[in-house]
$ cat target_24.pdb   # PDB, C-alpha atoms and all ligand atoms
MODEL        1
ATOM      1  CA  MET A   1    -114.430  53.829 -43.526
ATOM      2  CA  ILE A   2    -114.740  57.374 -42.242
ATOM      3  CA  ALA A   3    -111.573  58.861 -43.773
ATOM      4  CA  SER A   4    -111.942  62.124 -41.873
ATOM      5  CA  PRO A   5    -109.811  63.281 -38.915
ATOM      6  CA  VAL A   6    -112.669  65.118 -37.172
ATOM      7  CA  ILE A   7    -116.180  63.787 -36.564
ATOM      8  CA  GLY A   8    -118.903  65.895 -34.998
ATOM      9  CA  HIS A   9    -119.989  64.134 -31.789
ATOM     10  CA  ARG A  10    -123.765  63.830 -31.248
ATOM     11  CA  GLY A  11    -123.884  66.404 -34.075
ATOM     12  CA  ALA A  12    -121.814  69.160 -32.524
ATOM     13  CA  ALA A  13    -122.806  68.823 -28.885
ATOM     14  CA  GLN A  14    -121.067  71.952 -27.568
ATOM     15  CA  LEU A  15    -122.536  74.157 -30.291
ATOM     16  CA  ALA A  16    -126.168  73.031 -30.559
ATOM     17  CA  PRO A  17    -128.441  70.583 -28.711
ATOM     18  CA  GLU A  18    -127.084  67.066 -29.128
ATOM     19  CA  ASN A  19    -128.734  64.490 -31.399
ATOM     20  CA  THR A  20    -131.092  67.016 -33.021
ATOM     21  CA  LEU A  21    -131.579  68.191 -36.588
ATOM     22  CA  ALA A  22    -130.264  71.605 -35.464
ATOM     23  CA  GLY A  23    -127.142  69.858 -34.199
ATOM     24  CA  ILE A  24    -126.648  68.081 -37.525
ATOM     25  CA  ARG A  25    -126.954  71.395 -39.389
ATOM     26  CA  MET A  26    -124.510  73.009 -36.957
ATOM     27  CA  ALA A  27    -122.000  70.205 -37.500
ATOM     28  CA  ALA A  28    -122.164  70.719 -41.267
ATOM     29  CA  GLU A  29    -121.705  74.483 -40.825
ATOM     30  CA  SER A  30    -118.705  73.872 -38.578
ATOM     31  CA  GLY A  31    -116.915  72.135 -41.451
ATOM     32  CA  VAL A  32    -116.974  68.413 -40.608
ATOM     33  CA  SER A  33    -117.782  65.846 -43.287
ATOM     34  CA  TRP A  34    -118.937  63.140 -40.824
ATOM     35  CA  VAL A  35    -121.122  63.136 -37.701
ATOM     36  CA  GLU A  36    -121.767  60.646 -34.939
ATOM     37  CA  LEU A  37    -125.367  60.288 -33.718
ATOM     38  CA  ASP A  38    -126.979  58.034 -31.097
ATOM     39  CA  VAL A  39    -130.097  56.054 -31.939
ATOM     40  CA  THR A  40    -132.496  54.107 -29.715
ATOM     41  CA  LEU A  41    -136.178  53.128 -29.745
ATOM     42  CA  LEU A  42    -139.273  54.611 -28.139
ATOM     43  CA  GLY A  43    -141.603  52.223 -26.313
ATOM     44  CA  ASP A  44    -143.583  51.639 -29.536
ATOM     45  CA  GLY A  45    -140.423  50.694 -31.444
ATOM     46  CA  THR A  46    -139.944  54.012 -33.286
ATOM     47  CA  PRO A  47    -136.216  54.670 -33.853
ATOM     48  CA  VAL A  48    -135.240  58.159 -32.647
ATOM     49  CA  LEU A  49    -132.058  60.037 -31.871
ATOM     50  CA  CYS A  50    -131.211  60.174 -28.165
ATOM     51  CA  HIS A  51    -128.132  59.452 -26.084
ATOM     52  CA  ASP A  52    -129.919  58.668 -22.825
ATOM     53  CA  GLU A  53    -132.419  56.063 -21.694
ATOM     54  CA  VAL A  54    -134.425  58.808 -19.964
ATOM     55  CA  LEU A  55    -135.557  62.273 -21.023
ATOM     56  CA  ASP A  56    -134.376  64.143 -17.927
ATOM     57  CA  ARG A  57    -131.028  65.616 -19.042
ATOM     58  CA  CYS A  58    -131.854  66.877 -22.539
ATOM     59  CA  SER A  59    -135.538  67.736 -22.715
ATOM     60  CA  ASN A  60    -138.480  69.463 -21.056
ATOM     61  CA  ARG A  61    -139.796  66.137 -19.783
ATOM     62  CA  GLN A  62    -138.711  63.367 -17.450
ATOM     63  CA  GLY A  63    -138.864  59.596 -17.433
ATOM     64  CA  PRO A  64    -137.873  56.699 -19.672
ATOM     65  CA  LEU A  65    -138.111  56.834 -23.461
ATOM     66  CA  ALA A  66    -139.703  53.389 -23.143
ATOM     67  CA  PHE A  67    -142.862  55.146 -21.828
ATOM     68  CA  LEU A  68    -143.184  57.197 -25.047
ATOM     69  CA  SER A  69    -144.751  56.483 -28.403
ATOM     70  CA  VAL A  70    -144.530  58.407 -31.648
ATOM     71  CA  SER A  71    -147.615  60.475 -30.736
ATOM     72  CA  ASP A  72    -145.683  61.974 -27.794
ATOM     73  CA  LEU A  73    -142.922  63.427 -29.985
ATOM     74  CA  PRO A  74    -144.646  66.747 -30.841
ATOM     75  CA  GLU A  75    -144.771  67.632 -27.130
ATOM     76  CA  LEU A  76    -141.050  67.201 -26.597
ATOM     77  CA  ASP A  77    -138.670  70.152 -26.508
ATOM     78  CA  MET A  78    -135.121  68.856 -26.909
ATOM     79  CA  GLY A  79    -133.574  72.305 -27.367
ATOM     80  CA  SER A  80    -134.351  74.842 -24.650
ATOM     81  CA  TRP A  81    -132.369  72.973 -21.949
ATOM     82  CA  PHE A  82    -129.328  73.870 -24.096
ATOM     83  CA  ALA A  83    -130.220  77.474 -24.998
ATOM     84  CA  PRO A  84    -133.476  79.421 -25.456
ATOM     85  CA  GLN A  85    -132.912  79.854 -29.197
ATOM     86  CA  TRP A  86    -133.583  76.134 -29.682
ATOM     87  CA  LEU A  87    -136.963  76.101 -27.927
ATOM     88  CA  ASN A  88    -139.162  73.294 -29.275
ATOM     89  CA  GLU A  89    -136.392  71.616 -31.234
ATOM     90  CA  PRO A  90    -137.897  68.136 -31.793
ATOM     91  CA  MET A  91    -136.554  64.713 -30.950
ATOM     92  CA  PRO A  92    -135.718  63.495 -34.473
ATOM     93  CA  HIS A  93    -137.079  60.374 -36.056
ATOM     94  CA  LEU A  94    -134.077  58.404 -37.287
ATOM     95  CA  SER A  95    -135.453  58.645 -40.828
ATOM     96  CA  ASP A  96    -135.378  62.478 -40.731
ATOM     97  CA  ALA A  97    -131.816  62.457 -39.420
ATOM     98  CA  LEU A  98    -130.723  60.060 -42.167
ATOM     99  CA  LEU A  99    -132.290  62.239 -44.844
ATOM    100  CA  LEU A 100    -130.797  65.443 -43.447
ATOM    101  CA  CYS A 101    -127.274  64.020 -43.226
ATOM    102  CA  GLN A 102    -127.442  63.022 -46.877
ATOM    103  CA  GLU A 103    -128.896  66.385 -47.909
ATOM    104  CA  LEU A 104    -125.915  68.054 -46.188
ATOM    105  CA  ASN A 105    -123.470  65.539 -47.659
ATOM    106  CA  LEU A 106    -122.448  64.269 -44.214
ATOM    107  CA  GLY A 107    -121.179  60.755 -43.623
ATOM    108  CA  LEU A 108    -122.791  59.137 -40.576
ATOM    109  CA  ASN A 109    -121.515  57.017 -37.718
ATOM    110  CA  LEU A 110    -124.736  55.712 -36.221
ATOM    111  CA  GLU A 111    -124.178  54.511 -32.669
ATOM    112  CA  ILE A 112    -126.920  52.163 -31.518
ATOM    113  CA  LYS A 113    -127.946  52.308 -27.847
ATOM    114  CA  PRO A 114    -130.119  49.276 -27.109
ATOM    115  CA  PHE A 115    -130.336  49.982 -23.341
ATOM    116  CA  GLY A 116    -132.564  47.294 -21.796
ATOM    117  CA  LEU A 117    -134.603  46.731 -24.957
ATOM    118  CA  ASP A 118    -134.767  43.536 -26.984
ATOM    119  CA  PRO A 119    -131.526  43.823 -29.009
ATOM    120  CA  GLU A 120    -133.001  41.892 -31.913
ATOM    121  CA  GLN A 121    -135.884  44.330 -32.211
ATOM    122  CA  VAL A 122    -133.505  47.297 -31.979
ATOM    123  CA  ALA A 123    -131.237  45.867 -34.679
ATOM    124  CA  ARG A 124    -134.168  45.081 -36.972
ATOM    125  CA  ARG A 125    -135.835  48.486 -36.587
ATOM    126  CA  VAL A 126    -132.651  50.492 -37.125
ATOM    127  CA  PHE A 127    -131.548  48.355 -40.067
ATOM    128  CA  ALA A 128    -134.971  48.646 -41.701
ATOM    129  CA  GLU A 129    -134.771  52.465 -41.584
ATOM    130  CA  THR A 130    -131.271  52.583 -43.019
ATOM    131  CA  GLU A 131    -132.352  50.270 -45.827
ATOM    132  CA  VAL A 132    -135.115  52.661 -46.832
ATOM    133  CA  TYR A 133    -133.572  56.056 -46.077
ATOM    134  CA  TRP A 134    -129.813  55.721 -46.606
ATOM    135  CA  GLN A 135    -128.382  55.557 -50.109
ATOM    136  CA  GLN A 136    -124.582  55.497 -49.818
ATOM    137  CA  PRO A 137    -123.299  52.467 -47.839
ATOM    138  CA  GLU A 138    -119.723  53.749 -47.910
ATOM    139  CA  ARG A 139    -120.863  56.872 -45.999
ATOM    140  CA  LEU A 140    -122.516  54.904 -43.164
ATOM    141  CA  LEU A 141    -120.772  53.207 -40.243
ATOM    142  CA  VAL A 142    -122.838  51.430 -37.569
ATOM    143  CA  SER A 143    -121.349  51.066 -34.086
ATOM    144  CA  SER A 144    -122.318  50.057 -30.557
ATOM    145  CA  PHE A 145    -120.841  49.186 -27.174
ATOM    146  CA  ASP A 146    -123.205  46.191 -27.191
ATOM    147  CA  GLU A 147    -121.651  43.140 -28.854
ATOM    148  CA  THR A 148    -124.890  41.153 -28.849
ATOM    149  CA  LEU A 149    -126.592  43.960 -30.726
ATOM    150  CA  LEU A 150    -123.743  44.171 -33.238
ATOM    151  CA  THR A 151    -123.823  40.415 -33.831
ATOM    152  CA  LEU A 152    -127.575  40.523 -34.450
ATOM    153  CA  TYR A 153    -127.122  43.511 -36.761
ATOM    154  CA  ARG A 154    -124.412  41.687 -38.721
ATOM    155  CA  ALA A 155    -126.784  38.745 -39.172
ATOM    156  CA  LEU A 156    -129.138  41.143 -40.990
ATOM    157  CA  THR A 157    -126.520  42.554 -43.355
ATOM    158  CA  ALA A 158    -123.174  41.388 -44.621
ATOM    159  CA  ASP A 159    -122.497  44.720 -46.301
ATOM    160  CA  THR A 160    -122.926  47.384 -43.647
ATOM    161  CA  GLN A 161    -119.653  48.842 -42.347
ATOM    162  CA  MET A 162    -119.458  48.230 -38.622
ATOM    163  CA  ALA A 163    -117.337  49.489 -35.728
ATOM    164  CA  MET A 164    -116.802  48.135 -32.216
ATOM    165  CA  LEU A 165    -116.922  50.621 -29.364
ATOM    166  CA  PHE A 166    -114.795  50.103 -26.261
ATOM    167  CA  ASP A 167    -113.895  52.114 -23.184
ATOM    168  CA  PHE A 168    -110.910  49.992 -22.087
ATOM    169  CA  LEU A 169    -109.613  47.928 -25.002
ATOM    170  CA  PRO A 170    -110.254  44.276 -24.035
ATOM    171  CA  GLU A 171    -107.522  41.683 -24.517
ATOM    172  CA  LEU A 172    -109.584  39.809 -27.118
ATOM    173  CA  TRP A 173    -110.537  42.894 -29.112
ATOM    174  CA  GLN A 174    -109.162  41.548 -32.402
ATOM    175  CA  LEU A 175    -111.009  38.231 -32.187
ATOM    176  CA  LYS A 176    -114.214  40.128 -31.487
ATOM    177  CA  ALA A 177    -113.607  42.489 -34.411
ATOM    178  CA  GLU A 178    -112.844  39.599 -36.756
ATOM    179  CA  ALA A 179    -115.976  37.716 -35.685
ATOM    180  CA  LEU A 180    -118.005  40.788 -36.545
ATOM    181  CA  ASN A 181    -116.132  41.688 -39.715
ATOM    182  CA  ALA A 182    -115.720  45.172 -38.262
ATOM    183  CA  VAL A 183    -113.702  47.780 -40.136
ATOM    184  CA  SER A 184    -113.149  50.223 -37.320
ATOM    185  CA  ILE A 185    -112.379  50.330 -33.597
ATOM    186  CA  HIS A 186    -113.625  53.243 -31.494
ATOM    187  CA  CYS A 187    -111.951  53.836 -28.125
ATOM    188  CA  ASP A 188    -111.999  56.343 -25.278
ATOM    189  CA  CYS A 189    -109.407  59.042 -26.027
ATOM    190  CA  SER A 190    -108.298  59.247 -22.391
ATOM    191  CA  LEU A 191    -107.886  55.495 -21.886
ATOM    192  CA  ILE A 192    -106.062  54.367 -25.015
ATOM    193  CA  SER A 193    -102.275  53.983 -25.001
ATOM    194  CA  ARG A 194     -99.789  54.573 -27.790
ATOM    195  CA  GLU A 195     -99.029  50.811 -27.818
ATOM    196  CA  GLU A 196    -102.699  49.971 -28.272
ATOM    197  CA  VAL A 197    -102.915  52.443 -31.150
ATOM    198  CA  GLN A 198     -99.995  50.660 -32.797
ATOM    199  CA  GLN A 199    -101.589  47.243 -32.238
ATOM    200  CA  ILE A 200    -104.907  48.285 -33.773
ATOM    201  CA  LYS A 201    -103.307  50.021 -36.758
ATOM    202  CA  THR A 202    -100.882  47.141 -37.376
ATOM    203  CA  ALA A 203    -103.843  44.765 -37.436
ATOM    204  CA  GLY A 204    -105.302  46.885 -40.256
ATOM    205  CA  TYR A 205    -108.270  48.522 -38.544
ATOM    206  CA  ASP A 206    -109.374  52.131 -38.630
ATOM    207  CA  LEU A 207    -109.187  53.742 -35.211
ATOM    208  CA  TYR A 208    -111.283  56.642 -33.962
ATOM    209  CA  CYS A 209    -111.278  58.055 -30.432
ATOM    210  CA  TYR A 210    -114.101  59.696 -28.443
ATOM    211  CA  THR A 211    -114.649  62.325 -27.082
ATOM    212  CA  CYS A 212    -111.812  64.744 -27.577
ATOM    213  CA  ASN A 213    -112.419  68.455 -27.064
ATOM    214  CA  ASN A 214    -108.790  69.422 -26.620
ATOM    215  CA  PRO A 215    -106.913  70.265 -29.853
ATOM    216  CA  ILE A 216    -103.524  69.468 -28.334
ATOM    217  CA  GLN A 217    -104.656  65.992 -27.288
ATOM    218  CA  ALA A 218    -106.282  65.527 -30.706
ATOM    219  CA  ALA A 219    -103.048  66.403 -32.516
ATOM    220  CA  GLU A 220    -101.130  63.963 -30.319
ATOM    221  CA  LEU A 221    -103.599  61.135 -30.981
ATOM    222  CA  LEU A 222    -103.334  61.734 -34.732
ATOM    223  CA  GLN A 223     -99.565  61.758 -34.424
ATOM    224  CA  TRP A 224     -99.761  58.352 -32.669
ATOM    225  CA  GLY A 225    -101.604  57.032 -35.727
ATOM    226  CA  VAL A 226    -105.241  57.416 -34.694
ATOM    227  CA  ASP A 227    -107.328  58.091 -37.819
ATOM    228  CA  GLY A 228    -109.615  60.641 -36.249
ATOM    229  CA  ILE A 229    -111.413  61.957 -33.192
ATOM    230  CA  PHE A 230    -115.005  62.563 -32.199
ATOM    231  CA  THR A 231    -115.434  66.074 -30.866
ATOM    232  CA  ASP A 232    -118.299  68.104 -29.421
ATOM    233  CA  ASN A 233    -116.762  71.247 -30.897
ATOM    234  CA  PRO A 234    -115.316  70.946 -34.407
ATOM    235  CA  LEU A 235    -114.502  74.680 -34.373
ATOM    236  CA  LEU A 236    -111.685  73.910 -31.907
ATOM    237  CA  MET A 237    -110.222  71.410 -34.389
ATOM    238  CA  LYS A 238    -110.059  73.679 -37.446
ATOM    239  CA  ASP A 239    -106.338  73.022 -37.880
ATOM    240  CA  LEU A 240    -107.043  69.282 -38.227
ATOM    241  CA  LEU A 241    -109.763  69.665 -40.856
ATOM    242  CA  PRO A 242    -108.882  69.770 -44.555
ATOM    243  CA  SER A 243    -109.112  73.377 -45.772
ATOM    244  CA  PRO A 244    -112.124  74.086 -48.059
ATOM    245  CA  CYS A 245    -109.806  74.563 -51.044
ATOM    246  CA  ASN A 246    -108.381  71.051 -50.509
ATOM    247  CA  ALA A 247    -111.788  69.453 -50.043
TER     248      ALA A 247
HETATM  249  O1  LIG B   1    -119.553  56.779 -30.555
HETATM  250  C1  LIG B   1    -118.593  57.413 -29.779
HETATM  251  C2  LIG B   1    -119.165  57.954 -28.485
HETATM  252  O2  LIG B   1    -120.348  58.657 -28.767
HETATM  253  C3  LIG B   1    -119.443  56.894 -27.455
HETATM  254  O3  LIG B   1    -119.870  57.415 -26.222
HETATM  255  O4  LIG B   1    -121.570  57.941 -24.521
HETATM  256  O5  LIG B   1    -120.911  59.680 -26.142
HETATM  257  O6  LIG B   1    -122.289  57.758 -26.880
HETATM  258  P1  LIG B   1    -121.224  58.219 -25.940
HETATM  259 MG    MG B   2    -122.413  58.153 -29.029
ENDMDL
END
$ encode --input "target_24.pdb" --output "structure tokens" --more "lines below"
Ligand code: G3P
Ligand code: MG
Amino acid sequence: MIASPVIGHRGAAQLAPENTLAGIRMAAESGVSWVELDVTLLGDGTPVLCHDEVLDRCSNRQGPLAFLSVSDLPELDMGSWFAPQWLNEPMPHLSDALLLCQELNLGLNLEIKPFGLDPEQVARRVFAETEVYWQQPERLLVSSFDETLLTLYRALTADTQMAMLFDFLPELWQLKAEALNAVSIHCDCSLISREEVQQIKTAGYDLYCYTCNNPIQAAELLQWGVDGIFTDNPLLMKDLLPSPCNA
């Protein structure tokens, strides 16, 4: 379980380039104790951090990640699209991101994006890296919008904490969560209702909402009973974070 009211989204996506090592460091500096990061595979099966299926939005290159292999990584600049100070910020290997989060004492919600890839291969490759590079199972939560992927991931590990991601909460959400032995439900902060919050909390699940960059909305969601929010800018949520002397 996350047990933190504020989670840095894609690192801290309004403060530093998303899903980069710089973004992870920025999230830690901004005071969060957990981050959410997106992981997918390159064409050669290397797990890397990236939110999109293509490079166009967040890099100096264009085209699908599926066309890349690990030898292409040094040529990628994932930072200067965001601001010149992050020129040549690399696309992180998942392993480097896992190690950095632990070095900074950050818990990690790893969101798996299988896109059109073989979900079994994605699950196996991501799980294999977490087995080698992640030491504290209670500080790792694996999530995805893709139920097939989550089911395949669960088949690899009974122990990993898992979360189901939804935009609209489906009618059969609880059956799905039970089948997966999920501990947490992650919903869109603008689509969830107070009644749905009550339902999820009464059923005994953790509930986190993405992506909330408005402190007033965040406070209201917490007041409804939501356990925490994913935000691109943790600095806006200072009032919701435990003060350093309470940490
Ligand atoms: O994991 C929560 C959130 O990141 C899901 O949406 O598109 O930002 O990955 P997205
Ligand atoms: Mg995500």
$ resolve_selection --input "target_24.pdb" --expression "the PyMOL selection byres (((not hetatm)) within 9 of (chain B and resi 1))" --output "short mmCIF file (atom, residue, chain, number, x, y, z; two decimals) with C-alpha atoms, in the coordinates of the input"
data_model
loop_
_atom_site.label_atom_id
_atom_site.label_comp_id
_atom_site.auth_asym_id
_atom_site.auth_seq_id
_atom_site.Cartn_x
_atom_site.Cartn_y
_atom_site.Cartn_z
CA HIS A 9 -119.99 64.13 -31.79
CA ARG A 10 -123.76 63.83 -31.25
CA GLU A 36 -121.77 60.65 -34.94
CA LEU A 37 -125.37 60.29 -33.72
CA ASP A 38 -126.98 58.03 -31.10
CA HIS A 51 -128.13 59.45 -26.08
CA ASP A 52 -129.92 58.67 -22.82
CA ASN A 109 -121.52 57.02 -37.72
CA LEU A 110 -124.74 55.71 -36.22
CA GLU A 111 -124.18 54.51 -32.67
CA ILE A 112 -126.92 52.16 -31.52
CA LYS A 113 -127.95 52.31 -27.85
CA SER A 143 -121.35 51.07 -34.09
CA SER A 144 -122.32 50.06 -30.56
CA PHE A 145 -120.84 49.19 -27.17
CA LEU A 165 -116.92 50.62 -29.36
CA PHE A 166 -114.80 50.10 -26.26
CA ASP A 167 -113.90 52.11 -23.18
CA HIS A 186 -113.62 53.24 -31.49
CA CYS A 187 -111.95 53.84 -28.12
CA ASP A 188 -112.00 56.34 -25.28
CA TYR A 208 -111.28 56.64 -33.96
CA CYS A 209 -111.28 58.06 -30.43
CA TYR A 210 -114.10 59.70 -28.44
CA THR A 211 -114.65 62.32 -27.08
CA PHE A 230 -115.00 62.56 -32.20
#
$ residues_around --input "target_24.pdb" --residues "Leu180 in chain A" --least-positions-apart "2" --cutoff "10 Å" --atoms "all atoms listed in the file" --output "short mmCIF file (atom, residue, chain, number, x, y, z; two decimals) with C-alpha atoms, in the coordinates of the input"
data_model
loop_
_atom_site.label_atom_id
_atom_site.label_comp_id
_atom_site.auth_asym_id
_atom_site.auth_seq_id
_atom_site.Cartn_x
_atom_site.Cartn_y
_atom_site.Cartn_z
CA GLU A 147 -121.65 43.14 -28.85
CA LEU A 150 -123.74 44.17 -33.24
CA THR A 151 -123.82 40.42 -33.83
CA LEU A 152 -127.58 40.52 -34.45
CA TYR A 153 -127.12 43.51 -36.76
CA ARG A 154 -124.41 41.69 -38.72
CA ALA A 155 -126.78 38.74 -39.17
CA ALA A 158 -123.17 41.39 -44.62
CA MET A 162 -119.46 48.23 -38.62
CA ALA A 163 -117.34 49.49 -35.73
CA MET A 164 -116.80 48.14 -32.22
CA GLN A 174 -109.16 41.55 -32.40
CA LEU A 175 -111.01 38.23 -32.19
CA LYS A 176 -114.21 40.13 -31.49
CA ALA A 177 -113.61 42.49 -34.41
CA GLU A 178 -112.84 39.60 -36.76
CA ALA A 182 -115.72 45.17 -38.26
CA VAL A 183 -113.70 47.78 -40.14
#
$ resolve_selection --input "target_24.pdb" --expression "the PyMOL selection byres (((chain A and resi 89-96) around 9) and not hetatm)" --output "PyMOL selection string"
chain A and resi 17+19-22+39-40+46-50+59+70+73-80+86-88+97-101+126+129-130+132-134
$ atom_distance --input "target_24.pdb" --atom1 "CA of Ile200 in chain A" --atom2 "CA of Leu140 in chain A"
21.0 Å
$ atom_distance --input "target_24.pdb" --atom1 "CA of Gly45 in chain A" --atom2 "CA of Pro64 in chain A"
13.5 Å
$ closest_residue --input "target_24.pdb" --among "A:Ala16, A:Val197, A:Val35, A:Ala179" --to "Gln102 in chain A" --atoms "only C-alpha atoms"
A:Val35
$ atom_distance --input "target_24.pdb" --atom1 "CA of Pro137 in chain A" --atom2 "CA of Gly204 in chain A"
20.3 Å
$ closest_residue --input "target_24.pdb" --among "A:Arg25, A:Arg139, A:Arg125, A:Arg61" --to "Thr160 in chain A" --atoms "all atoms listed in the file"
A:Arg139
$ closest_residue --input "target_24.pdb" --among "A:Gln136, A:Thr202, A:Gln14, A:Ser193" --to "Thr231 in chain A" --atoms "all atoms listed in the file"
A:Gln14
$ build_atoms --input "target_24.pdb" --residues "range 145-156 of chain A" --atoms "N, CA, C and O atoms" --output "short mmCIF file (atom, residue, chain, number, x, y, z; two decimals), in the frame of the given file"
data_model
loop_
_atom_site.label_atom_id
_atom_site.label_comp_id
_atom_site.auth_asym_id
_atom_site.auth_seq_id
_atom_site.Cartn_x
_atom_site.Cartn_y
_atom_site.Cartn_z
N PHE A 145 -121.59 49.83 -28.25
CA PHE A 145 -120.84 49.19 -27.17
C PHE A 145 -121.34 47.76 -26.97
O PHE A 145 -120.69 46.97 -26.28
N ASP A 146 -122.52 47.45 -27.50
CA ASP A 146 -123.20 46.19 -27.19
C ASP A 146 -122.89 45.14 -28.26
O ASP A 146 -123.39 45.20 -29.39
N GLU A 147 -122.08 44.15 -27.88
CA GLU A 147 -121.65 43.14 -28.85
C GLU A 147 -122.80 42.26 -29.33
O GLU A 147 -122.81 41.83 -30.49
N THR A 148 -123.74 41.98 -28.44
CA THR A 148 -124.89 41.15 -28.85
C THR A 148 -125.66 41.86 -29.95
O THR A 148 -126.04 41.28 -30.97
N LEU A 149 -125.88 43.16 -29.72
CA LEU A 149 -126.59 43.96 -30.73
C LEU A 149 -125.85 43.94 -32.05
O LEU A 149 -126.44 43.74 -33.12
N LEU A 150 -124.53 44.13 -32.00
CA LEU A 150 -123.74 44.17 -33.24
C LEU A 150 -123.81 42.83 -33.96
O LEU A 150 -123.91 42.76 -35.19
N THR A 151 -123.75 41.74 -33.22
CA THR A 151 -123.82 40.42 -33.83
C THR A 151 -125.18 40.22 -34.51
O THR A 151 -125.26 39.70 -35.64
N LEU A 152 -126.23 40.65 -33.85
CA LEU A 152 -127.58 40.52 -34.45
C LEU A 152 -127.69 41.42 -35.68
O LEU A 152 -128.31 41.05 -36.68
N TYR A 153 -127.08 42.59 -35.61
CA TYR A 153 -127.12 43.51 -36.76
C TYR A 153 -126.37 42.89 -37.94
O TYR A 153 -126.83 42.94 -39.08
N ARG A 154 -125.21 42.31 -37.66
CA ARG A 154 -124.41 41.69 -38.72
C ARG A 154 -125.19 40.55 -39.39
O ARG A 154 -125.08 40.33 -40.60
N ALA A 155 -125.99 39.84 -38.60
CA ALA A 155 -126.78 38.74 -39.17
C ALA A 155 -127.81 39.28 -40.19
O ALA A 155 -128.25 38.54 -41.08
N LEU A 156 -128.16 40.56 -40.06
CA LEU A 156 -129.14 41.14 -40.99
C LEU A 156 -128.50 41.64 -42.27
O LEU A 156 -129.15 41.80 -43.28
#
